[in-house]
$ cat target39.txt   # compact mmCIF, N, CA and C atoms
# COMPACT_ATOMS: atom_id res chain seq x y z
N MET A 7 -26.94 -23.60 67.72
CA MET A 7 -26.00 -24.31 66.88
C MET A 7 -26.70 -25.47 66.18
N ILE A 8 -26.44 -25.62 64.91
CA ILE A 8 -27.02 -26.70 64.13
C ILE A 8 -26.24 -27.97 64.44
N GLU A 9 -26.94 -29.02 64.79
CA GLU A 9 -26.28 -30.28 65.10
C GLU A 9 -26.40 -31.25 63.93
N ILE A 10 -25.28 -31.59 63.35
CA ILE A 10 -25.23 -32.58 62.29
C ILE A 10 -24.72 -33.88 62.92
N ASP A 11 -25.30 -35.01 62.55
CA ASP A 11 -24.93 -36.29 63.14
C ASP A 11 -23.76 -36.91 62.37
N PHE A 12 -22.55 -36.57 62.80
CA PHE A 12 -21.34 -37.11 62.17
C PHE A 12 -20.98 -38.49 62.70
N ASP A 13 -21.66 -38.94 63.73
CA ASP A 13 -21.31 -40.20 64.37
C ASP A 13 -21.77 -41.44 63.62
N LYS A 14 -22.83 -41.34 62.85
CA LYS A 14 -23.39 -42.51 62.17
C LYS A 14 -22.45 -43.17 61.17
N SER A 15 -21.67 -42.39 60.49
CA SER A 15 -20.83 -42.91 59.41
C SER A 15 -19.35 -42.62 59.64
N ASN A 16 -18.91 -42.90 60.85
CA ASN A 16 -17.49 -42.72 61.19
C ASN A 16 -16.99 -41.30 60.93
N GLY A 17 -17.82 -40.33 61.21
CA GLY A 17 -17.39 -38.94 61.12
C GLY A 17 -17.60 -38.26 59.79
N LEU A 18 -18.11 -38.98 58.79
CA LEU A 18 -18.33 -38.38 57.47
C LEU A 18 -19.80 -38.44 57.10
N ILE A 19 -20.29 -37.37 56.49
CA ILE A 19 -21.66 -37.36 55.98
C ILE A 19 -21.63 -37.07 54.48
N PRO A 20 -22.56 -37.68 53.73
CA PRO A 20 -22.62 -37.39 52.29
C PRO A 20 -23.24 -36.01 52.05
N VAL A 21 -22.73 -35.38 51.00
CA VAL A 21 -23.20 -34.05 50.61
C VAL A 21 -23.51 -34.07 49.12
N ILE A 22 -24.77 -33.86 48.79
CA ILE A 22 -25.19 -33.75 47.40
C ILE A 22 -25.03 -32.28 47.02
N VAL A 23 -24.37 -32.03 45.91
CA VAL A 23 -24.10 -30.65 45.49
C VAL A 23 -24.91 -30.37 44.23
N GLN A 24 -25.69 -29.29 44.30
CA GLN A 24 -26.62 -28.95 43.23
C GLN A 24 -26.41 -27.50 42.82
N ASP A 25 -26.47 -27.24 41.52
CA ASP A 25 -26.39 -25.87 41.03
C ASP A 25 -27.64 -25.12 41.48
N ASP A 26 -27.44 -24.01 42.15
CA ASP A 26 -28.56 -23.25 42.71
C ASP A 26 -29.50 -22.70 41.64
N GLU A 27 -28.96 -22.39 40.49
CA GLU A 27 -29.77 -21.79 39.43
C GLU A 27 -30.45 -22.84 38.55
N THR A 28 -29.66 -23.80 38.05
CA THR A 28 -30.19 -24.77 37.09
C THR A 28 -30.79 -26.01 37.76
N LYS A 29 -30.45 -26.24 39.02
CA LYS A 29 -30.89 -27.42 39.81
C LYS A 29 -30.19 -28.70 39.38
N GLU A 30 -29.21 -28.60 38.50
CA GLU A 30 -28.44 -29.77 38.06
C GLU A 30 -27.62 -30.32 39.23
N VAL A 31 -27.60 -31.65 39.38
CA VAL A 31 -26.75 -32.28 40.38
C VAL A 31 -25.33 -32.26 39.85
N LEU A 32 -24.43 -31.65 40.60
CA LEU A 32 -23.06 -31.48 40.15
C LEU A 32 -22.13 -32.57 40.65
N MET A 33 -22.31 -32.98 41.89
CA MET A 33 -21.40 -33.96 42.46
C MET A 33 -21.91 -34.48 43.80
N LEU A 34 -21.24 -35.50 44.29
CA LEU A 34 -21.45 -36.01 45.62
C LEU A 34 -20.10 -35.97 46.31
N ALA A 35 -20.08 -35.44 47.52
CA ALA A 35 -18.83 -35.36 48.28
C ALA A 35 -19.14 -35.73 49.73
N TYR A 36 -18.13 -35.62 50.58
CA TYR A 36 -18.30 -35.93 51.99
C TYR A 36 -17.74 -34.79 52.84
N MET A 37 -18.35 -34.60 53.99
CA MET A 37 -17.87 -33.62 54.96
C MET A 37 -17.66 -34.29 56.30
N ASN A 38 -16.63 -33.84 56.99
CA ASN A 38 -16.49 -34.14 58.41
C ASN A 38 -16.85 -32.85 59.16
N ARG A 39 -16.77 -32.87 60.46
CA ARG A 39 -17.15 -31.69 61.25
C ARG A 39 -16.31 -30.47 60.86
N GLU A 40 -15.02 -30.65 60.66
CA GLU A 40 -14.14 -29.54 60.31
C GLU A 40 -14.54 -28.91 58.97
N ALA A 41 -14.85 -29.74 57.98
CA ALA A 41 -15.27 -29.24 56.67
C ALA A 41 -16.59 -28.49 56.78
N TRP A 42 -17.51 -29.02 57.59
CA TRP A 42 -18.80 -28.38 57.82
C TRP A 42 -18.61 -26.99 58.42
N LEU A 43 -17.78 -26.89 59.43
CA LEU A 43 -17.54 -25.59 60.08
C LEU A 43 -16.84 -24.62 59.14
N LYS A 44 -15.88 -25.11 58.36
CA LYS A 44 -15.16 -24.26 57.41
C LYS A 44 -16.10 -23.76 56.31
N THR A 45 -17.00 -24.61 55.85
CA THR A 45 -17.97 -24.21 54.84
C THR A 45 -18.85 -23.09 55.37
N GLN A 46 -19.30 -23.23 56.60
CA GLN A 46 -20.15 -22.19 57.19
C GLN A 46 -19.37 -20.90 57.40
N GLU A 47 -18.13 -21.02 57.81
CA GLU A 47 -17.30 -19.85 58.09
C GLU A 47 -16.96 -19.06 56.83
N THR A 48 -16.64 -19.76 55.73
CA THR A 48 -16.14 -19.09 54.53
C THR A 48 -17.19 -18.88 53.44
N GLY A 49 -18.25 -19.69 53.46
CA GLY A 49 -19.23 -19.63 52.38
C GLY A 49 -18.79 -20.35 51.12
N LYS A 50 -17.60 -20.99 51.19
CA LYS A 50 -17.08 -21.80 50.08
C LYS A 50 -17.20 -23.26 50.47
N ALA A 51 -17.66 -24.08 49.53
CA ALA A 51 -17.82 -25.50 49.80
C ALA A 51 -16.47 -26.13 50.13
N THR A 52 -16.41 -26.76 51.29
CA THR A 52 -15.21 -27.43 51.77
C THR A 52 -15.59 -28.85 52.14
N TYR A 53 -14.81 -29.81 51.69
CA TYR A 53 -15.14 -31.21 51.87
C TYR A 53 -13.98 -31.95 52.51
N TRP A 54 -14.22 -33.22 52.82
CA TRP A 54 -13.16 -34.11 53.27
C TRP A 54 -12.84 -35.05 52.11
N SER A 55 -11.59 -35.03 51.67
CA SER A 55 -11.16 -35.92 50.60
C SER A 55 -10.83 -37.28 51.19
N ARG A 56 -11.61 -38.28 50.82
CA ARG A 56 -11.36 -39.64 51.31
C ARG A 56 -10.12 -40.23 50.69
N SER A 57 -9.81 -39.88 49.45
CA SER A 57 -8.63 -40.44 48.78
C SER A 57 -7.33 -39.80 49.30
N ARG A 58 -7.36 -38.51 49.60
CA ARG A 58 -6.16 -37.83 50.09
C ARG A 58 -6.12 -37.74 51.62
N ASN A 59 -7.26 -38.06 52.25
CA ASN A 59 -7.36 -38.01 53.71
C ASN A 59 -7.01 -36.62 54.25
N GLU A 60 -7.66 -35.60 53.64
CA GLU A 60 -7.40 -34.23 54.06
C GLU A 60 -8.58 -33.33 53.69
N LEU A 61 -8.62 -32.17 54.33
CA LEU A 61 -9.62 -31.16 54.01
C LEU A 61 -9.39 -30.67 52.59
N TRP A 62 -10.48 -30.37 51.88
CA TRP A 62 -10.39 -30.01 50.47
C TRP A 62 -11.38 -28.88 50.19
N VAL A 63 -10.86 -27.70 49.88
CA VAL A 63 -11.69 -26.58 49.46
C VAL A 63 -11.92 -26.73 47.97
N LYS A 64 -13.16 -26.94 47.58
CA LYS A 64 -13.48 -27.16 46.17
C LYS A 64 -13.00 -25.98 45.33
N GLY A 65 -12.21 -26.28 44.30
CA GLY A 65 -11.71 -25.24 43.41
C GLY A 65 -10.41 -24.60 43.85
N GLU A 66 -9.84 -25.08 44.92
CA GLU A 66 -8.59 -24.50 45.44
C GLU A 66 -7.48 -24.55 44.40
N THR A 67 -7.41 -25.62 43.62
CA THR A 67 -6.39 -25.76 42.59
C THR A 67 -6.88 -25.22 41.24
N SER A 68 -8.09 -25.57 40.87
CA SER A 68 -8.61 -25.24 39.54
C SER A 68 -9.19 -23.83 39.42
N GLY A 69 -9.58 -23.26 40.56
CA GLY A 69 -10.27 -21.97 40.52
C GLY A 69 -11.77 -22.11 40.35
N HIS A 70 -12.26 -23.34 40.25
CA HIS A 70 -13.68 -23.61 40.04
C HIS A 70 -14.36 -23.83 41.39
N VAL A 71 -14.43 -22.77 42.17
CA VAL A 71 -14.97 -22.85 43.53
C VAL A 71 -16.49 -22.95 43.52
N GLN A 72 -17.00 -23.39 44.65
CA GLN A 72 -18.45 -23.47 44.83
C GLN A 72 -18.84 -22.52 45.97
N LEU A 73 -19.61 -21.50 45.63
CA LEU A 73 -20.10 -20.55 46.62
C LEU A 73 -21.46 -21.04 47.11
N VAL A 74 -21.56 -21.27 48.39
CA VAL A 74 -22.77 -21.86 48.96
C VAL A 74 -23.87 -20.82 49.04
N ARG A 75 -25.02 -21.15 48.46
CA ARG A 75 -26.18 -20.27 48.46
C ARG A 75 -27.25 -20.75 49.44
N GLU A 76 -27.34 -22.07 49.64
CA GLU A 76 -28.35 -22.63 50.55
C GLU A 76 -27.88 -24.00 51.00
N ILE A 77 -28.22 -24.35 52.24
CA ILE A 77 -27.89 -25.66 52.78
C ILE A 77 -29.18 -26.31 53.27
N LEU A 78 -29.42 -27.53 52.81
CA LEU A 78 -30.56 -28.31 53.27
C LEU A 78 -30.04 -29.50 54.06
N ILE A 79 -30.72 -29.82 55.16
CA ILE A 79 -30.35 -30.93 56.02
C ILE A 79 -31.49 -31.93 56.02
N ASP A 80 -31.16 -33.21 55.86
CA ASP A 80 -32.22 -34.22 55.82
C ASP A 80 -32.80 -34.47 57.21
N CYS A 81 -33.85 -35.29 57.25
CA CYS A 81 -34.61 -35.53 58.48
C CYS A 81 -33.79 -36.18 59.58
N ASP A 82 -32.77 -36.94 59.23
CA ASP A 82 -31.93 -37.61 60.22
C ASP A 82 -30.69 -36.79 60.58
N ALA A 83 -30.54 -35.63 59.96
CA ALA A 83 -29.40 -34.74 60.20
C ALA A 83 -28.07 -35.41 59.90
N ASP A 84 -28.07 -36.29 58.87
CA ASP A 84 -26.82 -36.97 58.51
C ASP A 84 -26.51 -36.92 57.01
N THR A 85 -27.21 -36.07 56.28
CA THR A 85 -26.97 -35.85 54.86
C THR A 85 -27.31 -34.40 54.54
N LEU A 86 -26.49 -33.79 53.68
CA LEU A 86 -26.73 -32.40 53.29
C LEU A 86 -26.94 -32.28 51.79
N VAL A 87 -27.65 -31.25 51.41
CA VAL A 87 -27.68 -30.79 50.03
C VAL A 87 -27.13 -29.37 50.06
N LEU A 88 -26.08 -29.13 49.29
CA LEU A 88 -25.58 -27.77 49.14
C LEU A 88 -26.05 -27.26 47.79
N LYS A 89 -26.71 -26.14 47.80
CA LYS A 89 -27.06 -25.44 46.56
C LYS A 89 -25.99 -24.38 46.39
N VAL A 90 -25.29 -24.45 45.26
CA VAL A 90 -24.10 -23.61 45.08
C VAL A 90 -24.14 -22.83 43.78
N GLN A 91 -23.33 -21.78 43.77
CA GLN A 91 -22.99 -21.11 42.52
C GLN A 91 -21.66 -21.72 42.10
N GLN A 92 -21.65 -22.42 40.99
CA GLN A 92 -20.44 -23.07 40.50
C GLN A 92 -19.65 -22.08 39.68
N VAL A 93 -18.58 -21.55 40.27
CA VAL A 93 -17.73 -20.58 39.59
C VAL A 93 -16.83 -21.32 38.60
N GLY A 94 -16.70 -20.79 37.40
CA GLY A 94 -15.82 -21.39 36.40
C GLY A 94 -16.48 -22.44 35.54
N GLY A 95 -17.69 -22.82 35.88
CA GLY A 95 -18.45 -23.71 35.01
C GLY A 95 -18.28 -25.19 35.17
N ALA A 96 -17.23 -25.65 35.88
CA ALA A 96 -17.02 -27.10 35.99
C ALA A 96 -16.90 -27.51 37.45
N ALA A 97 -17.63 -28.56 37.79
CA ALA A 97 -17.55 -29.12 39.14
C ALA A 97 -16.65 -30.35 39.18
N CYS A 98 -16.49 -31.02 38.05
CA CYS A 98 -15.77 -32.30 38.02
C CYS A 98 -14.29 -32.10 37.70
N HIS A 99 -13.44 -32.84 38.41
CA HIS A 99 -12.00 -32.75 38.17
C HIS A 99 -11.61 -33.28 36.78
N THR A 100 -12.53 -33.98 36.12
CA THR A 100 -12.25 -34.46 34.76
C THR A 100 -12.52 -33.38 33.72
N GLY A 101 -13.02 -32.22 34.17
CA GLY A 101 -13.27 -31.11 33.26
C GLY A 101 -14.72 -30.94 32.84
N TYR A 102 -15.57 -31.85 33.28
CA TYR A 102 -16.99 -31.76 32.92
C TYR A 102 -17.73 -30.87 33.92
N ARG A 103 -18.81 -30.29 33.46
CA ARG A 103 -19.63 -29.42 34.32
C ARG A 103 -20.10 -30.17 35.55
N SER A 104 -20.59 -31.39 35.37
CA SER A 104 -21.08 -32.23 36.46
C SER A 104 -20.26 -33.52 36.50
N CYS A 105 -20.12 -34.09 37.68
CA CYS A 105 -19.47 -35.40 37.81
C CYS A 105 -20.35 -36.48 37.19
N PHE A 106 -21.61 -36.19 37.00
CA PHE A 106 -22.56 -37.14 36.41
C PHE A 106 -22.73 -36.83 34.93
N TYR A 107 -21.64 -36.99 34.18
CA TYR A 107 -21.64 -36.64 32.76
C TYR A 107 -21.82 -37.84 31.84
N ARG A 108 -22.01 -39.04 32.43
CA ARG A 108 -22.20 -40.25 31.62
C ARG A 108 -23.56 -40.87 31.92
N ARG A 109 -24.18 -41.37 30.87
CA ARG A 109 -25.48 -42.03 30.99
C ARG A 109 -25.29 -43.50 30.60
N VAL A 110 -25.95 -44.40 31.32
CA VAL A 110 -25.91 -45.82 31.02
C VAL A 110 -27.00 -46.14 30.00
N VAL A 111 -26.57 -46.74 28.88
CA VAL A 111 -27.49 -47.14 27.82
C VAL A 111 -27.07 -48.54 27.34
N ASN A 112 -27.98 -49.49 27.50
CA ASN A 112 -27.71 -50.86 27.04
C ASN A 112 -26.37 -51.39 27.53
N GLU A 113 -26.14 -51.28 28.81
CA GLU A 113 -24.93 -51.79 29.47
C GLU A 113 -23.64 -51.09 29.04
N LYS A 114 -23.75 -49.96 28.40
CA LYS A 114 -22.61 -49.14 28.03
C LYS A 114 -22.86 -47.72 28.54
N THR A 115 -21.83 -46.90 28.49
CA THR A 115 -22.02 -45.50 28.87
C THR A 115 -21.80 -44.60 27.67
N GLU A 116 -22.51 -43.49 27.68
CA GLU A 116 -22.31 -42.47 26.67
C GLU A 116 -22.17 -41.13 27.38
N ILE A 117 -21.33 -40.29 26.85
CA ILE A 117 -21.10 -38.98 27.45
C ILE A 117 -22.25 -38.06 27.06
N VAL A 118 -22.85 -37.47 28.08
CA VAL A 118 -23.97 -36.55 27.85
C VAL A 118 -23.69 -35.18 28.45
N GLY A 119 -22.55 -35.04 29.14
CA GLY A 119 -22.23 -33.79 29.80
C GLY A 119 -21.38 -32.87 28.96
N GLU A 120 -21.23 -31.67 29.47
CA GLU A 120 -20.47 -30.63 28.79
C GLU A 120 -19.05 -30.57 29.33
N LEU A 121 -18.06 -30.75 28.44
CA LEU A 121 -16.66 -30.61 28.81
C LEU A 121 -16.32 -29.12 28.86
N VAL A 122 -15.87 -28.65 30.02
CA VAL A 122 -15.59 -27.23 30.22
C VAL A 122 -14.09 -26.94 30.08
N PHE A 123 -13.25 -27.86 30.55
CA PHE A 123 -11.80 -27.67 30.44
C PHE A 123 -11.10 -29.01 30.33
N LYS A 124 -9.85 -28.96 29.86
CA LYS A 124 -9.02 -30.16 29.79
C LYS A 124 -8.23 -30.24 31.10
N PRO A 125 -8.34 -31.34 31.81
CA PRO A 125 -7.64 -31.46 33.10
C PRO A 125 -6.14 -31.19 33.02
N GLU A 126 -5.50 -31.63 31.95
CA GLU A 126 -4.06 -31.43 31.84
C GLU A 126 -3.67 -29.95 31.72
N ASP A 127 -4.62 -29.10 31.31
CA ASP A 127 -4.36 -27.67 31.24
C ASP A 127 -4.52 -26.99 32.60
N VAL A 128 -5.27 -27.62 33.51
CA VAL A 128 -5.57 -27.02 34.80
C VAL A 128 -4.71 -27.58 35.93
N TYR A 129 -4.54 -28.89 35.96
CA TYR A 129 -3.81 -29.55 37.04
C TYR A 129 -2.41 -29.90 36.56
N LYS A 130 -1.49 -29.00 36.80
CA LYS A 130 -0.11 -29.20 36.32
C LYS A 130 0.80 -29.60 37.45
$ encode --input "target39.txt" --output "structure tokens"
Amino acid sequence: MIEIDFDKSNGLIPVIVQDDETKEVLMLAYMNREAWLKTQETGKATYWSRSRNELWVKGETSGHVQLVREILIDCDADTLVLKVQQVGGAACHTGYRSCFYRRVVNEKTEIVGELVFKPEDVYK
């Protein structure tokens, strides 16, 4: 059994999510032990929503699921990288391909990401 150290950060570990094909960083999320086990069981990325305080299967509402292709564990066993197939093209709830769709330039931000869908069309 793979032992992940959930104790260091009050039961949650950070998870960096990367597109398996393009290597683009899509998002950062958190997992608790239950989310970790569910991800392994289903092959679909499952996280812990800190804002809703509940388990969250990525894409459950939007259909933009993340199919896990590879899992990397850091040296301290308290951070993961999930390499995923991003189904539907968008990882961000704002409709962008990546949650990192803004770049800081001269103390301002500019949009550099690809808008895949309008949130109001998906989250009704």
$ closest_residue --input "target39.txt" --among "A:Thr85, A:Gln91, A:Gln24, A:Asn38" --to "Leu61 (chain A)" --atoms "only C-alpha atoms"
A:Asn38
$ closest_residue --input "target39.txt" --among "A:Met37, A:Ile77, A:Ala97, A:Cys105" --to "Phe12 (chain A)" --atoms "all atoms listed in the file"
A:Met37
$ residues_around --input "target39.txt" --residues "Glu76 (chain A)" --least-positions-apart "2" --cutoff "7 Å" --atoms "all atoms listed in the file" --output "list in words"
Leu73, Val74, Leu78, Val87, Leu88, Lys89 and Val90 of chain A
$ residues_around --input "target39.txt" --residues "Tyr107 (chain A)" --least-positions-apart "4" --cutoff "8 Å" --atoms "only C-alpha atoms" --output "PyMOL selection string"
chain A and resi 102-103+117-120
$ closest_residue --input "target39.txt" --among "A:Thr48, A:Gly17, A:Cys81, A:Gln92" --to "Glu30 (chain A)" --atoms "only C-alpha atoms"
A:Gln92
$ select_by_dssp --input "target39.txt" --residues "chain A" --states "strand (DSSP E or B)" --output "JSON, numbers by chain"
{"A": [19, 20, 21, 22, 23, 24, 25, 31, 32, 33, 34, 35, 36, 37, 50, 52, 53, 54, 55, 60, 61, 62, 63, 72, 73, 74, 75, 76, 77, 78, 79, 86, 87, 88, 89, 90, 91, 92, 102, 108, 109, 110, 111, 114, 115, 116, 117, 121]}
$ residues_around --input "target39.txt" --residues "Met33 (chain A)" --least-positions-apart "6" --cutoff "6.5 Å" --atoms "all atoms listed in the file" --output "PyMOL selection string"
chain A and resi 21-24+104-106
$ atom_distance --input "target39.txt" --atom1 "atom C of Gly49 (chain A)" --atom2 "atom C of Gln72 (chain A)"
5.6 Å
$ atom_distance --input "target39.txt" --atom1 "atom N of Leu32 (chain A)" --atom2 "CA of Glu116 (chain A)"
17.8 Å
$ select_by_dssp --input "target39.txt" --residues "region 41-109 of chain A" --states "alpha helix (DSSP H)" --output "number ranges by chain"
A: 41-48
$ atom_distance --input "target39.txt" --atom1 "CA of Lys29 (chain A)" --atom2 "CA of Arg108 (chain A)"
17.5 Å
$ closest_residue --input "target39.txt" --among "A:Leu34, A:Leu18, A:Val110, A:Leu86" --to "Trp54 (chain A)" --atoms "only C-alpha atoms"
A:Leu18
$ closest_residue --input "target39.txt" --among "A:Ile10, A:Leu121, A:Ile19, A:Cys98" --to "Asp82 (chain A)" --atoms "only N, CA and C atoms"
A:Ile10
$ residues_around --input "target39.txt" --residues "His99 (chain A)" --least-positions-apart "5" --cutoff "9 Å" --atoms "only C-alpha atoms" --output "list in words"
Ser68, Cys105, Pro125 and Tyr129 of chain A
$ decode --input "target39.txt" --residues "region 102-126 of chain A" --atoms "N, CA and C atoms" --output "compact mmCIF listing (two decimals), in the first residue's frame"
# COMPACT_ATOMS: atom_id res chain seq x y z
N TYR A 102 -11.91 28.30 -18.76
CA TYR A 102 -10.61 28.29 -19.42
C TYR A 102 -9.99 26.89 -19.36
N ARG A 103 -9.13 26.61 -20.31
CA ARG A 103 -8.46 25.31 -20.37
C ARG A 103 -7.69 25.04 -19.09
N SER A 104 -6.95 26.04 -18.60
CA SER A 104 -6.17 25.92 -17.38
C SER A 104 -6.64 26.98 -16.38
N CYS A 105 -6.52 26.68 -15.11
CA CYS A 105 -6.81 27.68 -14.08
C CYS A 105 -5.78 28.80 -14.10
N PHE A 106 -4.65 28.55 -14.72
CA PHE A 106 -3.57 29.53 -14.82
C PHE A 106 -3.64 30.22 -16.18
N TYR A 107 -4.73 30.95 -16.40
CA TYR A 107 -4.97 31.58 -17.70
C TYR A 107 -4.61 33.06 -17.72
N ARG A 108 -4.08 33.58 -16.59
CA ARG A 108 -3.70 35.00 -16.53
C ARG A 108 -2.21 35.12 -16.25
N ARG A 109 -1.60 36.09 -16.90
CA ARG A 109 -0.18 36.37 -16.71
C ARG A 109 -0.05 37.76 -16.09
N VAL A 110 0.88 37.91 -15.15
CA VAL A 110 1.14 39.20 -14.52
C VAL A 110 2.15 39.96 -15.36
N VAL A 111 1.76 41.18 -15.75
CA VAL A 111 2.63 42.05 -16.55
C VAL A 111 2.51 43.47 -15.98
N ASN A 112 3.63 43.99 -15.50
CA ASN A 112 3.64 45.36 -14.97
C ASN A 112 2.52 45.62 -13.96
N GLU A 113 2.41 44.74 -12.99
CA GLU A 113 1.44 44.86 -11.90
C GLU A 113 -0.02 44.75 -12.35
N LYS A 114 -0.25 44.27 -13.54
CA LYS A 114 -1.59 44.02 -14.05
C LYS A 114 -1.62 42.58 -14.57
N THR A 115 -2.82 42.10 -14.86
CA THR A 115 -2.92 40.77 -15.45
C THR A 115 -3.48 40.87 -16.85
N GLU A 116 -3.05 39.93 -17.68
CA GLU A 116 -3.60 39.81 -19.02
C GLU A 116 -3.98 38.36 -19.24
N ILE A 117 -5.05 38.15 -19.96
CA ILE A 117 -5.51 36.79 -20.24
C ILE A 117 -4.67 36.20 -21.35
N VAL A 118 -4.11 35.04 -21.06
CA VAL A 118 -3.28 34.35 -22.05
C VAL A 118 -3.81 32.95 -22.35
N GLY A 119 -4.86 32.55 -21.64
CA GLY A 119 -5.40 31.21 -21.81
C GLY A 119 -6.53 31.14 -22.81
N GLU A 120 -6.91 29.92 -23.10
CA GLU A 120 -7.96 29.64 -24.07
C GLU A 120 -9.29 29.42 -23.36
N LEU A 121 -10.30 30.23 -23.70
CA LEU A 121 -11.64 30.05 -23.17
C LEU A 121 -12.32 28.92 -23.95
N VAL A 122 -12.74 27.89 -23.24
CA VAL A 122 -13.33 26.71 -23.87
C VAL A 122 -14.85 26.74 -23.81
N PHE A 123 -15.40 27.25 -22.69
CA PHE A 123 -16.85 27.34 -22.56
C PHE A 123 -17.22 28.52 -21.67
N LYS A 124 -18.49 28.92 -21.77
CA LYS A 124 -19.01 29.98 -20.91
C LYS A 124 -19.62 29.30 -19.68
N PRO A 125 -19.18 29.68 -18.50
CA PRO A 125 -19.68 29.04 -17.28
C PRO A 125 -21.20 29.05 -17.16
N GLU A 126 -21.84 30.15 -17.56
CA GLU A 126 -23.28 30.23 -17.43
C GLU A 126 -24.02 29.22 -18.31
